[in-house]
Amino acid sequence: MIDESSFIQLPPDLLRTFVAAMDTGSFTTAAKLVHRTQSAVSMQMKKLENDLGQQLFRREGRGVVPTPEGDMLYHYAQRLLALHEETLVALCKPRLHGVVRFGTPEAYATRYLPSALQRFAAVHPSVQVNVYCDDSPQLKEQFRAKELDIILTTEENANQIDTKPLPLAWLMAERGAPVEQRPLPLALYHAGCLFRRNGLTALEQAGIPYRIAYSSPSLAGVLAAIQAGLAVGPVSINTYMQGCRLALPQDGLPPIAPVGMRLKITQKPHSEVLDSFAGFLSQELGMKAS
């Protein structure tokens, strides 16, 4: 028979305090977010460390920074809290109805949307979600015209407070990639794309001649040329395509400057439906809507 009393418990309120401390790098600031005193937060974190038998933070100046064990717990804590919230919403809150108009570039839709949509639909099956895929400038125009409620866009500045850095890399075929050809053949999104601009800038600064061999407004079009071994192209580092790989240092291609991702929601007052959908996206992306 299992002795359940020996199990370590991870109460949601303890995890919320831990996540707040991780996000802010300060027990004092975290205390304000969770409506506790600084000493109470310190005691909670000490209890968590004692229960787990791991040091989760170390002092640095007036703040705290996570240990490797703290980083590991942070990712699990976010998932546990998200599941806890979904459970409460599904069982305790009235069923939501309405429509969400969400806009995102195609590359983000294929990477981030499936999981978020699946979890959202499980909790709010009566909400209709309309997804529009387009480039970021067009999505911003539609957002300003109030044709979209929430948008996920690519931003030039990866270091703004309301953006999340998105690293870029070169994608190429696993076999027969034309990395040694000069001029280097490229497969790119159409003009105006920041992936394209940052990739070309990297090549120009490295003195590598290139030619634009293939251009497409869609991710599928760009990836088709790369997968066929006809060109290389700049993509986000989490892009996966069968038969392709990200460039390695020995391939001789220069690093590409990152871009930023920004999640925006229409100005308040907005509905509980929009707040909930934005919350699911925020959990999936690891960033908050502005």
# chains A, B, ... in the order shown; residues from 1 in each chain; ligands from 1

call {"tool": "residues_around", "arguments": {"residues": "Ala202 (chain A)", "least_positions_apart": "2", "cutoff": "9 Å", "atoms": "only C-alpha atoms", "output": "list in words"}}
result
Arg197, Asn198, Gly199, Leu200, Glu204, Gln205, Ala206, Gly207, Ile208, Leu253, Pro254, Pro255, Ile256 and Ala257 of chain A

call {"tool": "residues_around", "arguments": {"residues": "region 127-140 of chain A", "least_positions_apart": "2", "cutoff": "7 Å", "atoms": "only C-alpha atoms", "output": "ChimeraX atom specification"}}
result
/A:96-106,124-125,142-144,151,153-154

call {"tool": "select_by_dssp", "arguments": {"residues": "region 9-186 of chain A", "states": "strand (DSSP E or B)", "output": "PyMOL selection string"}}
result
chain A and resi 57-60+63-66+98-104+127-133+150-155+164-173+184-186

call {"tool": "closest_atom_pairs", "arguments": {"of": "region 141-197 of chain A", "to": "region 258-282 of chain A", "cutoff": "6 Å", "atoms": "only C-alpha atoms", "output": "Markdown table"}}
result
| residue | atom | partner | partner_atom | distance |
| --- | --- | --- | --- | --- |
| A:Asp149 | CA | A:Thr266 | CA | 5.3 |
| A:Ile150 | CA | A:Ile265 | CA | 4.4 |
| A:Ile151 | CA | A:Lys264 | CA | 5.4 |
| A:Leu152 | CA | A:Leu263 | CA | 4.5 |
| A:Thr153 | CA | A:Arg262 | CA | 5.4 |
| A:Thr154 | CA | A:Met261 | CA | 4.8 |
| A:Glu155 | CA | A:Gly260 | CA | 4.7 |
| A:Glu156 | CA | A:Val259 | CA | 5.5 |
| A:Asn157 | CA | A:Gly260 | CA | 5.8 |
| A:Ala158 | CA | A:Gly260 | CA | 3.9 |
| A:Thr163 | CA | A:Arg262 | CA | 4.8 |
| A:Lys164 | CA | A:Met261 | CA | 5.1 |
| A:Pro165 | CA | A:Gly260 | CA | 4.5 |
| A:Leu166 | CA | A:Val259 | CA | 5.3 |
| A:Pro167 | CA | A:Pro258 | CA | 4.4 |
| A:Leu168 | CA | A:Pro258 | CA | 5.5 |

call {"tool": "select_by_dssp", "arguments": {"residues": "region 15-142 of chain A", "states": "alpha helix (DSSP H)", "output": "ChimeraX atom specification"}}
result
/A:15-24,27-34,38-52,68-92,106-123,136-142

call {"tool": "residues_around", "arguments": {"residues": "Ser216 (chain A)", "least_positions_apart": "6", "cutoff": "9 Å", "atoms": "only C-alpha atoms", "output": "PyMOL selection string"}}
result
chain A and resi 187-190+222
